[in-house]
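A short worksheet on the structure shown next.
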Amino acid sequence: MTTAAPPVSSSSSQPPAEAPTVQVISTHEAEKSQPTSVTACQMSQNVLATPRGAEAPSPSVYLSKRGNSIRQHQGTLQEGFVQYAANKYHVTDNPEGIINLGTSENKLCYDLLHARLTRPDMLYVEPSLLQYSDWTGRTFLREEVAKFLTHYCGSPKTLNADNVVVMNGCGSLFSCVAAVICDPKDAILIPTPFYGVITDDVDLYSDVKLFHVHLDCEVTIKDYRAFHLTVEKLEEGLTKAKQEVAVILMNPHNPLAEIYTPEEMIAFLEFAKRNDLHAIVDELYMLTVFDESVTFHSVLSLDSLPDPLRTHVMWGLSKDFAMSGIRAGTLYTENRELVEALAQLGCFHGIPGTVQHQVAQLLQDRAWIDNEFLPENRRRLKAAHSFLTGELRSMGIPFLDRPAALFVWADLREYLQESSFQEELNLWRCFLRHNVLLSCGQAFSCSTPGWFRIVFADQHLHLGGLTDLHQAAAWTHPS
Ligand SMILES: Cc1ncc(COP(=O)(O)O)c(C=O)c1O
């Protein structure tokens with residue numbers, strides 16, 4: 001069996017009408033593109049909104065309605081991860097195990113992190129670290145985070161530690177922010193595709209919904225930028241929505257790896273201000289940009305935010321420092337009332353004192369960050385990205401070519417027997433049966449079936465994951 005390759009035409013010429021709708025698209029081409037219209041609509045709360053992977057368990061008599069609904073709330077991202085956790089690939093111990101190209105983690109820098117995290121300054125215990133403390137994060141850590149963000153976000157003014165909230169990950173921050181700025185059944189506007197776990201983050205405790213603004217994968221003569229987010233699309237989405245109180249923006253984006261320019265971000269923030277929406281700006285991948293010619297601009301680098309009291313910026317250690325297991329996420333907001341409300345919820349989401357110490361030590365070590373970790377991390381990411389994209393090219397699979405984040409958004413529509421989300425799920429399951437875990441587009445509420453997110457930041461990639469991907473693709477698409 002061989003892999004049938006979907007046609008890929010040159011990205012530099014205009015696609016003919018019958019050409020595949022997305023080609024390999026470089027950032028530079030994206031910059032030249034023009035906005036176009038979009039279909040923005042309410043996501044039907046069906047398979048797309050929270051794709052259920054395995055069959056839902058029958059309701060438990062021991063749980064409340066809410067408890068049952070939480071228990072049954074498992075999408076493909078969770079289902080895939082559970083299977084992977086039970087059968088992880090290991091080069092010698094479990095060579096037939098599952099290779100995880102689905103979870104957005106950076107596994108390329110363990111040696112650097114191990115060397116730094118085992119230095120003597122990390123092992124520190126004093127009485128206060130073992131006691132209760134400020135639930136927004138200890139002062140010494142919030143001060144380090146404020147200094148870190150001032151420097152790495154290029155803020156024109158020194159950021160204030162009192163505006164920083166630290167919790168056990170940005171997932172918790174999404175959950176807590178939604179709880180205090182929304183009421184039950186309120187909705188938050190979000191362009192799709194998007195990092196799908198946010199649906200659960202805002203819904204499970206707080207019953208807050210997401211209102212989807214679908215970005216189109218089709219490129220047109222007017223707009224070469226697939227999944228292009230514009231203010232017009234947000235406006236169009238908002239007119240159809242009800243009870244919106246916020247908009248979520250990601251930069252760099254998950255799963256598109258798109259990097260928005262300062263002009264675009266200002267336009268999105270102005271849109272939020274015009275409509276009295278909070279803007280939750282997720283900048284979790286801000287240092288995970290691995291092409292020197294491309295610069296990321298944080299919204300905290302702006303001279304002034306359009307609506308500072310309604311703009312809240314998230315960052316954390318999971319992606320940029322390859323430490324998703326440490327569970328550290330930060331929020332920067334000038335809104336003290338929001339900080340006070342979050343402080344009440346922080347007692348459920350604190351980080352151990354000794355870990356807060358380690359995080360602060362890491363963030364203040366500019367020599368290690370600038371001279372060792374960041375350059376080497378970027379070098380390895382770039383190499384892994386070009387390895388994956390080279391393989392995709394050789395297999396004729398179109399993808400968005402962006403020099404950021406830990407994954408590539410790839411177009412596997414050619415491998416679907418028909419264009420449906422059921423078929424997409426079948427393909428996802430087929431990969432899993434062949435021991436390759438990917439993330440399918442419906443887990444990100446993508447409006448077109450057949451898109452997959454493939455994580456490249458893993459050594460396993462070089463050890464055979466792509467061979468298996470190749471084989472699984474061939475298996476689904478015999479010639
Ligand atoms: C865009 C984005 N935001 C938030 C999160 C959650 O991160 P954390 O590990 O800090 O909870 C993730 C994790 O994948 C992410 O990709």
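Here's how to read the names in the structure tokens: chain A, B, ... by the order shown, residue numbers from 1 in each chain, ligand numbers from 1 in the order shown.
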
| request: Report as an MDAnalysis selection string which protein, DNA and RNA residues come within 6 Å of ligand 1, using only C-alpha atoms and all ligand atoms. | output: chainID A and resid 104 169:171 195 254 284 316 318 324 328:329

Please write the residues from the selection above to a file, keeping N, CA and C atoms, as a PDB file, in the first residue's frame.
ATOM      1  N   SER A 104       0.061  19.009  23.568  1.00  0.00           N
ATOM      2  CA  SER A 104       0.967  20.122  23.325  1.00  0.00           C
ATOM      3  C   SER A 104       1.960  20.266  24.473  1.00  0.00           C
ATOM      4  N   GLY A 169      -1.644  26.764  36.886  1.00  0.00           N
ATOM      5  CA  GLY A 169      -1.867  26.595  35.454  1.00  0.00           C
ATOM      6  C   GLY A 169      -2.879  27.583  34.893  1.00  0.00           C
ATOM      7  N   CYS A 170      -2.776  27.802  33.589  1.00  0.00           N
ATOM      8  CA  CYS A 170      -3.689  28.753  32.934  1.00  0.00           C
ATOM      9  C   CYS A 170      -5.078  28.157  32.774  1.00  0.00           C
ATOM     10  N   GLY A 171      -5.175  26.831  32.780  1.00  0.00           N
ATOM     11  CA  GLY A 171      -6.503  26.213  32.767  1.00  0.00           C
ATOM     12  C   GLY A 171      -7.304  26.689  33.980  1.00  0.00           C
ATOM     13  N   TYR A 195      -7.859  25.979  21.085  1.00  0.00           N
ATOM     14  CA  TYR A 195      -7.443  24.994  22.082  1.00  0.00           C
ATOM     15  C   TYR A 195      -8.671  24.568  22.891  1.00  0.00           C
ATOM     16  N   ASN A 254      -3.141  28.658  19.376  1.00  0.00           N
ATOM     17  CA  ASN A 254      -3.242  27.193  19.453  1.00  0.00           C
ATOM     18  C   ASN A 254      -4.614  26.806  18.919  1.00  0.00           C
ATOM     19  N   LEU A 284       0.452  32.235  26.008  1.00  0.00           N
ATOM     20  CA  LEU A 284       1.206  31.120  26.594  1.00  0.00           C
ATOM     21  C   LEU A 284       2.434  30.705  25.778  1.00  0.00           C
ATOM     22  N   GLY A 316       2.325  31.411  31.134  1.00  0.00           N
ATOM     23  CA  GLY A 316       2.661  30.364  32.105  1.00  0.00           C
ATOM     24  C   GLY A 316       3.918  29.623  31.710  1.00  0.00           C
ATOM     25  N   SER A 318       4.092  26.250  31.248  1.00  0.00           N
ATOM     26  CA  SER A 318       3.850  24.958  30.604  1.00  0.00           C
ATOM     27  C   SER A 318       4.499  24.852  29.228  1.00  0.00           C
ATOM     28  N   SER A 324       5.014  21.624  31.788  1.00  0.00           N
ATOM     29  CA  SER A 324       3.565  21.570  32.027  1.00  0.00           C
ATOM     30  C   SER A 324       3.238  20.854  33.338  1.00  0.00           C
ATOM     31  N   ALA A 328       2.156  26.024  36.672  1.00  0.00           N
ATOM     32  CA  ALA A 328       2.262  27.441  37.045  1.00  0.00           C
ATOM     33  C   ALA A 328       1.746  28.306  35.898  1.00  0.00           C
ATOM     34  N   GLY A 329       0.702  29.088  36.189  1.00  0.00           N
ATOM     35  CA  GLY A 329       0.144  30.008  35.203  1.00  0.00           C
ATOM     36  C   GLY A 329       0.001  31.388  35.837  1.00  0.00           C
TER      37      GLY A 329
END

For stretch 440-453 of chain A, find every residue with an atom within 6 Å (counting only C-alpha atoms), except residues of its own chain fewer than 4 positions away, and show them as a compact mmCIF listing (two decimals) with C-alpha atoms, in the first residue's frame.
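Result file out00.txt:
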# COMPACT_ATOMS: atom_id res chain seq x y z
CA LEU A 48 -18.48 19.64 17.48
CA ALA A 49 -18.82 21.56 20.69
CA THR A 192 -12.48 28.58 16.04
CA PRO A 193 -10.48 26.45 15.80
CA PHE A 194 -9.16 26.97 19.33
CA TYR A 195 -7.44 24.99 22.08
CA GLY A 196 -10.51 22.94 22.97
CA VAL A 408 1.56 22.07 13.05
CA TRP A 409 -2.05 22.40 11.85
CA ALA A 410 -2.32 19.92 9.00
CA ASP A 411 -4.94 19.26 6.38
CA LEU A 412 -5.72 15.54 6.21
CA ARG A 413 -8.99 15.99 4.34
CA SER A 420 -17.86 14.47 7.93
CA PHE A 421 -16.85 14.70 11.57
CA GLU A 424 -12.61 12.53 11.03

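Excluding stretch 303-306 of chain A and any residue on its chain fewer than 2 positions from it, the residues at most 10 Å away by only C-alpha atoms are Ser155, Pro156, Lys157, Ile266, Ala267, Phe268, Leu269, Glu270, Phe271, Ala272, Lys273, Arg274, Val299, Leu300, Ser301, Pro308, Leu309, Arg310 and Thr311 of chain A.
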
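Among the candidates A:Leu149, A:Leu427, A:Val180, A:Ala457, the one nearest to A:Glu105 when counting only C-alpha atoms is A:Ala457.
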
| request: Mind the document's chain letters and residue numbers, and return as a ChimeraX atom specification the residues of stretch 217-390 of chain A that DSSP labels helix (DSSP H, G or I). | output: /A:231-240,262-274,299-301,308-310,317-320,336-348,353-364,366-390

Give me a file of those residues, with C-alpha atoms, as a compact mmCIF listing (two decimals), in the first residue's frame.
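Writing done, so here's result_37.txt:
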# COMPACT_ATOMS: atom_id res chain seq x y z
CA VAL A 231 -12.42 42.32 13.31
CA GLU A 232 -15.21 41.91 10.74
CA LYS A 233 -15.52 38.25 11.67
CA LEU A 234 -15.63 39.08 15.36
CA GLU A 235 -18.26 41.78 14.76
CA GLU A 236 -20.32 39.39 12.70
CA GLY A 237 -20.10 36.76 15.43
CA LEU A 238 -21.11 39.24 18.08
CA THR A 239 -24.24 40.34 16.26
CA LYS A 240 -25.43 36.73 16.33
CA PRO A 262 0.47 44.49 17.08
CA GLU A 263 -1.88 46.23 14.62
CA GLU A 264 -4.15 43.21 14.50
CA MET A 265 -4.13 42.82 18.27
CA ILE A 266 -4.92 46.52 18.75
CA ALA A 267 -7.85 46.16 16.35
CA PHE A 268 -9.14 43.12 18.29
CA LEU A 269 -8.76 44.97 21.59
CA GLU A 270 -10.53 48.03 20.17
CA PHE A 271 -13.34 45.73 19.07
CA ALA A 272 -13.58 44.41 22.65
CA LYS A 273 -13.61 47.92 24.05
CA ARG A 274 -16.31 49.13 21.62
CA VAL A 299 -0.13 43.30 24.10
CA LEU A 300 1.77 44.33 27.23
CA SER A 301 4.29 46.03 24.93
CA PRO A 308 -6.92 48.31 30.58
CA LEU A 309 -9.56 47.35 33.15
CA ARG A 310 -11.05 44.78 30.78
CA LEU A 317 5.53 27.92 32.29
CA SER A 318 3.85 24.96 30.60
CA LYS A 319 4.90 25.82 27.06
CA ASP A 320 7.69 28.42 27.03
CA ARG A 336 -7.93 45.22 41.15
CA GLU A 337 -11.53 44.12 41.64
CA LEU A 338 -10.85 41.14 39.42
CA VAL A 339 -7.68 40.38 41.40
CA GLU A 340 -9.65 40.52 44.65
CA ALA A 341 -12.28 38.13 43.32
CA LEU A 342 -9.60 35.75 42.00
CA ALA A 343 -7.91 35.82 45.40
CA GLN A 344 -11.04 34.22 46.85
CA LEU A 345 -10.83 31.33 44.39
CA GLY A 346 -7.05 31.07 44.61
CA CYS A 347 -7.27 28.88 47.71
CA PHE A 348 -8.47 26.07 45.41
CA GLY A 353 5.45 27.20 48.45
CA THR A 354 8.61 25.30 47.54
CA VAL A 355 7.57 25.16 43.89
CA GLN A 356 6.82 28.89 43.94
CA HIS A 357 10.40 29.35 45.14
CA GLN A 358 11.74 27.25 42.27
CA VAL A 359 9.70 29.14 39.70
CA ALA A 360 10.91 32.48 41.06
CA GLN A 361 14.54 31.28 40.97
CA LEU A 362 14.12 30.19 37.39
CA LEU A 363 12.47 33.41 36.22
CA GLN A 364 15.14 35.62 37.78
CA ARG A 366 18.33 35.79 33.05
CA ALA A 367 21.78 34.44 32.23
CA TRP A 368 20.44 30.88 32.05
CA ILE A 369 17.27 31.91 30.23
CA ASP A 370 18.97 34.12 27.64
CA ASN A 371 22.24 32.30 27.10
CA GLU A 372 21.33 28.68 27.63
CA PHE A 373 17.68 27.77 27.63
CA LEU A 374 16.01 30.01 25.06
CA PRO A 375 18.60 29.76 22.26
CA GLU A 376 18.93 25.99 22.61
CA ASN A 377 15.18 25.49 22.97
CA ARG A 378 14.57 27.52 19.81
CA ARG A 379 17.26 25.65 17.92
CA ARG A 380 15.76 22.28 18.85
CA LEU A 381 12.21 23.43 18.12
CA LYS A 382 13.26 24.72 14.73
CA ALA A 383 14.97 21.43 13.89
CA ALA A 384 11.97 19.37 15.04
CA HIS A 385 9.58 21.65 13.14
CA SER A 386 11.56 21.36 9.93
CA PHE A 387 11.77 17.60 10.35
CA LEU A 388 7.99 17.29 10.68
CA THR A 389 7.19 19.77 7.94
CA GLY A 390 9.70 18.04 5.65

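The coordinates place atom CA of A:Cys153 at 24.0 Å from atom CA of A:Asp401.
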
| message | Report, in Å to a single decimal, how far apart atom CA of A:His228 and atom CA of A:Leu215 are. | response | 6.3 Å

| field | Polymer residues at most 12 Å from A:Ser58, only C-alpha atoms, same-chain spacing of 2 or more positions, as a VMD selection string | value | chain A and resid 55 to 56 60 to 63 68 to 69 71 to 72

Selection file, C-alpha atoms, as a tab-separated table (two decimals), in the first residue's frame:
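File selection_29.tsv, as written:
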chain	number	residue	atom	x	y	z
A	55	GLU	CA	-19.27	6.02	24.65
A	56	ALA	CA	-20.53	8.03	27.64
A	60	SER	CA	-24.25	7.22	38.42
A	61	VAL	CA	-26.77	7.19	41.28
A	62	TYR	CA	-24.02	8.49	43.55
A	63	LEU	CA	-23.59	11.73	41.67
A	68	ASN	CA	-22.88	13.12	36.17
A	69	SER	CA	-22.54	15.77	33.56
A	71	ARG	CA	-18.16	12.70	34.67
A	72	GLN	CA	-19.55	12.28	31.18

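Within 10 Å of A:Leu113, once only C-alpha atoms are used and residues closer than 3 positions along the same chain are dropped, the contacting residues are Leu108, Cys109, Tyr110, Arg116, Leu117, Thr118, Phe321, Ala322, Met323, Leu362 and Phe373 of chain A.
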
Let's have the selection written as a PDB file, in the first residue's frame, with N, CA and C atoms.
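So out.pdb came out as:
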ATOM      1  N   LEU A 108      11.631  18.439  24.410  1.00  0.00           N
ATOM      2  CA  LEU A 108      12.950  18.483  23.786  1.00  0.00           C
ATOM      3  C   LEU A 108      14.060  18.952  24.721  1.00  0.00           C
ATOM      4  N   CYS A 109      13.689  19.485  25.889  1.00  0.00           N
ATOM      5  CA  CYS A 109      14.701  20.185  26.690  1.00  0.00           C
ATOM      6  C   CYS A 109      14.863  19.655  28.095  1.00  0.00           C
ATOM      7  N   TYR A 110      14.523  18.405  28.306  1.00  0.00           N
ATOM      8  CA  TYR A 110      14.594  17.866  29.662  1.00  0.00           C
ATOM      9  C   TYR A 110      16.013  17.977  30.233  1.00  0.00           C
ATOM     10  N   ARG A 116      19.266  22.664  35.382  1.00  0.00           N
ATOM     11  CA  ARG A 116      18.975  23.904  36.107  1.00  0.00           C
ATOM     12  C   ARG A 116      18.188  23.644  37.393  1.00  0.00           C
ATOM     13  N   LEU A 117      17.223  22.744  37.317  1.00  0.00           N
ATOM     14  CA  LEU A 117      16.325  22.532  38.467  1.00  0.00           C
ATOM     15  C   LEU A 117      16.987  21.703  39.582  1.00  0.00           C
ATOM     16  N   THR A 118      18.161  21.167  39.308  1.00  0.00           N
ATOM     17  CA  THR A 118      18.850  20.421  40.372  1.00  0.00           C
ATOM     18  C   THR A 118      20.041  21.210  40.926  1.00  0.00           C
ATOM     19  N   PHE A 321       8.544  27.248  28.988  1.00  0.00           N
ATOM     20  CA  PHE A 321       9.610  26.623  29.776  1.00  0.00           C
ATOM     21  C   PHE A 321       9.476  25.102  29.813  1.00  0.00           C
ATOM     22  N   ALA A 322       8.628  24.575  28.927  1.00  0.00           N
ATOM     23  CA  ALA A 322       8.550  23.113  28.758  1.00  0.00           C
ATOM     24  C   ALA A 322       8.291  22.405  30.087  1.00  0.00           C
ATOM     25  N   MET A 323       7.458  23.011  30.938  1.00  0.00           N
ATOM     26  CA  MET A 323       7.247  22.436  32.265  1.00  0.00           C
ATOM     27  C   MET A 323       5.756  22.370  32.589  1.00  0.00           C
ATOM     28  N   LEU A 362      13.954  30.400  38.827  1.00  0.00           N
ATOM     29  CA  LEU A 362      14.122  30.195  37.387  1.00  0.00           C
ATOM     30  C   LEU A 362      13.902  31.507  36.621  1.00  0.00           C
ATOM     31  N   PHE A 373      18.945  28.435  27.933  1.00  0.00           N
ATOM     32  CA  PHE A 373      17.677  27.769  27.632  1.00  0.00           C
ATOM     33  C   PHE A 373      17.034  28.248  26.320  1.00  0.00           C
TER      34      PHE A 373
END

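One distance worth recording is that between atom CA of A:Leu204 and atom CA of A:Pro191, which is 20.2 Å.
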
| message | Applying 10 Å and only C-alpha atoms, which residues near A:Lys185 remain after dropping the ones on its own chain fewer than 2 positions away? List them as a PyMOL selection string. | response | chain A and resi 182-183+187-188+203+206-210+243-244

Counting only C-alpha atoms, what is within 10 Å of A:Glu96, bar same-chain residues fewer than 6 positions away, as an mmCIF file with N, CA and C atoms, in the first residue's frame?
data_model
loop_
_atom_site.group_PDB
_atom_site.id
_atom_site.type_symbol
_atom_site.label_atom_id
_atom_site.label_comp_id
_atom_site.auth_asym_id
_atom_site.auth_seq_id
_atom_site.Cartn_x
_atom_site.Cartn_y
_atom_site.Cartn_z
ATOM 1 N N ASN A 87 -0.369 3.326 27.951
ATOM 2 C CA ASN A 87 0.438 2.542 27.005
ATOM 3 C C ASN A 87 1.432 3.458 26.282
ATOM 4 N N LYS A 88 2.308 4.099 27.080
ATOM 5 C CA LYS A 88 3.243 5.077 26.499
ATOM 6 C C LYS A 88 4.365 4.394 25.737
ATOM 7 N N TYR A 89 4.664 4.952 24.614
ATOM 8 C CA TYR A 89 5.819 4.464 23.851
ATOM 9 C C TYR A 89 7.091 4.650 24.675
ATOM 10 N N HIS A 90 7.961 3.654 24.645
ATOM 11 C CA HIS A 90 9.312 3.812 25.195
ATOM 12 C C HIS A 90 10.247 3.024 24.304
ATOM 13 N N HIS A 434 -3.085 2.508 15.362
ATOM 14 C CA HIS A 434 -1.712 2.312 14.881
ATOM 15 C C HIS A 434 -0.703 2.979 15.816
ATOM 16 N N ASN A 435 -1.154 3.229 17.033
ATOM 17 C CA ASN A 435 -0.273 3.745 18.090
ATOM 18 C C ASN A 435 0.267 5.149 17.837
#

| Nearest to A:Val145: which of A:Leu437, A:Ala279, A:Met395, A:Val164 is it, counting only C-alpha atoms? | A:Val164

| Which of stretch 70-285 of chain A DSSP labels strand (DSSP E or B), written as a PyMOL selection string | chain A and resi 75+88+90+94+98-100+164-167+187-192+209-214+244-250+278-282

Write the residues of the preceding selection, restricted to N, CA and C atoms, as an mmCIF file, in the first residue's frame.
data_model
loop_
_atom_site.group_PDB
_atom_site.id
_atom_site.type_symbol
_atom_site.label_atom_id
_atom_site.label_comp_id
_atom_site.auth_asym_id
_atom_site.auth_seq_id
_atom_site.Cartn_x
_atom_site.Cartn_y
_atom_site.Cartn_z
ATOM 1 N N GLY A 75 -13.922 14.457 26.100
ATOM 2 C CA GLY A 75 -13.767 14.585 24.657
ATOM 3 C C GLY A 75 -12.625 13.718 24.162
ATOM 4 N N LYS A 88 2.308 4.099 27.080
ATOM 5 C CA LYS A 88 3.243 5.077 26.499
ATOM 6 C C LYS A 88 4.365 4.394 25.737
ATOM 7 N N HIS A 90 7.961 3.654 24.645
ATOM 8 C CA HIS A 90 9.312 3.812 25.195
ATOM 9 C C HIS A 90 10.247 3.024 24.304
ATOM 10 N N ASN A 94 8.819 -0.187 25.870
ATOM 11 C CA ASN A 94 7.509 -0.365 25.233
ATOM 12 C C ASN A 94 7.517 0.173 23.801
ATOM 13 N N ILE A 98 2.097 3.810 22.465
ATOM 14 C CA ILE A 98 1.527 4.931 21.705
ATOM 15 C C ILE A 98 2.506 6.102 21.670
ATOM 16 N N ILE A 99 2.728 6.616 20.480
ATOM 17 C CA ILE A 99 3.556 7.816 20.313
ATOM 18 C C ILE A 99 2.623 9.014 20.356
ATOM 19 N N ASN A 100 2.927 9.922 21.270
ATOM 20 C CA ASN A 100 2.008 11.035 21.506
ATOM 21 C C ASN A 100 2.407 12.256 20.688
ATOM 22 N N VAL A 164 -0.499 40.948 39.420
ATOM 23 C CA VAL A 164 -0.202 39.567 38.997
ATOM 24 C C VAL A 164 -0.957 38.579 39.881
ATOM 25 N N VAL A 165 -1.561 37.581 39.238
ATOM 26 C CA VAL A 165 -2.162 36.461 39.971
ATOM 27 C C VAL A 165 -1.478 35.195 39.460
ATOM 28 N N VAL A 166 -1.031 34.356 40.386
ATOM 29 C CA VAL A 166 -0.394 33.100 39.988
ATOM 30 C C VAL A 166 -1.253 31.947 40.490
ATOM 31 N N MET A 167 -1.551 31.030 39.604
ATOM 32 C CA MET A 167 -2.330 29.838 39.991
ATOM 33 C C MET A 167 -1.691 28.584 39.387
ATOM 34 N N ALA A 187 -21.861 33.862 27.919
ATOM 35 C CA ALA A 187 -20.978 33.250 26.919
ATOM 36 C C ALA A 187 -19.768 34.120 26.645
ATOM 37 N N ILE A 188 -18.733 33.456 26.210
ATOM 38 C CA ILE A 188 -17.489 34.130 25.824
ATOM 39 C C ILE A 188 -17.258 33.846 24.348
ATOM 40 N N LEU A 189 -16.966 34.906 23.624
ATOM 41 C CA LEU A 189 -16.738 34.782 22.179
ATOM 42 C C LEU A 189 -15.346 34.204 21.934
ATOM 43 N N ILE A 190 -15.263 33.236 21.031
ATOM 44 C CA ILE A 190 -13.936 32.671 20.737
ATOM 45 C C ILE A 190 -13.883 32.246 19.273
ATOM 46 N N PRO A 191 -12.840 32.673 18.562
ATOM 47 C CA PRO A 191 -12.695 32.214 17.174
ATOM 48 C C PRO A 191 -12.313 30.734 17.150
ATOM 49 N N THR A 192 -12.838 29.985 16.172
ATOM 50 C CA THR A 192 -12.482 28.575 16.043
ATOM 51 C C THR A 192 -11.672 28.371 14.763
ATOM 52 N N LYS A 209 -20.548 29.372 28.752
ATOM 53 C CA LYS A 209 -20.472 28.761 27.413
ATOM 54 C C LYS A 209 -19.536 29.564 26.518
ATOM 55 N N LEU A 210 -19.077 28.895 25.482
ATOM 56 C CA LEU A 210 -18.285 29.610 24.477
ATOM 57 C C LEU A 210 -19.154 29.837 23.253
ATOM 58 N N PHE A 211 -19.056 31.006 22.680
ATOM 59 C CA PHE A 211 -19.772 31.291 21.438
ATOM 60 C C PHE A 211 -18.739 31.327 20.317
ATOM 61 N N HIS A 212 -18.923 30.421 19.375
ATOM 62 C CA HIS A 212 -17.876 30.217 18.364
ATOM 63 C C HIS A 212 -18.004 31.165 17.176
ATOM 64 N N VAL A 213 -16.892 31.710 16.780
ATOM 65 C CA VAL A 213 -16.801 32.468 15.525
ATOM 66 C C VAL A 213 -15.919 31.634 14.602
ATOM 67 N N HIS A 214 -16.534 31.021 13.610
ATOM 68 C CA HIS A 214 -15.777 30.086 12.775
ATOM 69 C C HIS A 214 -14.878 30.798 11.777
ATOM 70 N N GLU A 244 -22.884 37.978 25.581
ATOM 71 C CA GLU A 244 -21.431 37.855 25.557
ATOM 72 C C GLU A 244 -20.833 38.841 26.526
ATOM 73 N N VAL A 245 -19.872 38.376 27.302
ATOM 74 C CA VAL A 245 -19.212 39.314 28.202
ATOM 75 C C VAL A 245 -17.715 39.411 27.944
ATOM 76 N N ALA A 246 -17.203 38.521 27.122
ATOM 77 C CA ALA A 246 -15.748 38.527 26.914
ATOM 78 C C ALA A 246 -15.398 37.925 25.565
ATOM 79 N N VAL A 247 -14.157 38.144 25.160
ATOM 80 C CA VAL A 247 -13.623 37.482 23.974
ATOM 81 C C VAL A 247 -12.267 36.893 24.363
ATOM 82 N N ILE A 248 -11.981 35.685 23.864
ATOM 83 C CA ILE A 248 -10.677 35.068 24.122
ATOM 84 C C ILE A 248 -9.826 35.187 22.861
ATOM 85 N N LEU A 249 -8.622 35.712 23.035
ATOM 86 C CA LEU A 249 -7.687 35.854 21.923
ATOM 87 C C LEU A 249 -6.413 35.105 22.283
ATOM 88 N N MET A 250 -5.851 34.384 21.333
ATOM 89 C CA MET A 250 -4.610 33.650 21.607
ATOM 90 C C MET A 250 -3.531 34.129 20.665
ATOM 91 N N HIS A 278 -14.714 42.001 28.008
ATOM 92 C CA HIS A 278 -13.387 41.709 28.534
ATOM 93 C C HIS A 278 -12.597 41.031 27.418
ATOM 94 N N ALA A 279 -11.299 41.319 27.352
ATOM 95 C CA ALA A 279 -10.432 40.592 26.416
ATOM 96 C C ALA A 279 -9.472 39.741 27.242
ATOM 97 N N ILE A 280 -9.627 38.422 27.110
ATOM 98 C CA ILE A 280 -8.697 37.512 27.788
ATOM 99 C C ILE A 280 -7.658 37.129 26.747
ATOM 100 N N VAL A 281 -6.440 37.599 26.941
ATOM 101 C CA VAL A 281 -5.406 37.410 25.927
ATOM 102 C C VAL A 281 -4.441 36.332 26.406
ATOM 103 N N ASP A 282 -4.446 35.210 25.713
ATOM 104 C CA ASP A 282 -3.633 34.061 26.083
ATOM 105 C C ASP A 282 -2.327 34.137 25.292
#

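With only C-alpha atoms as the atoms that count, the residue of A:Leu101, A:Val91, A:Ile351, A:Ile221 with the shortest distance to A:Leu129 is A:Ile351.
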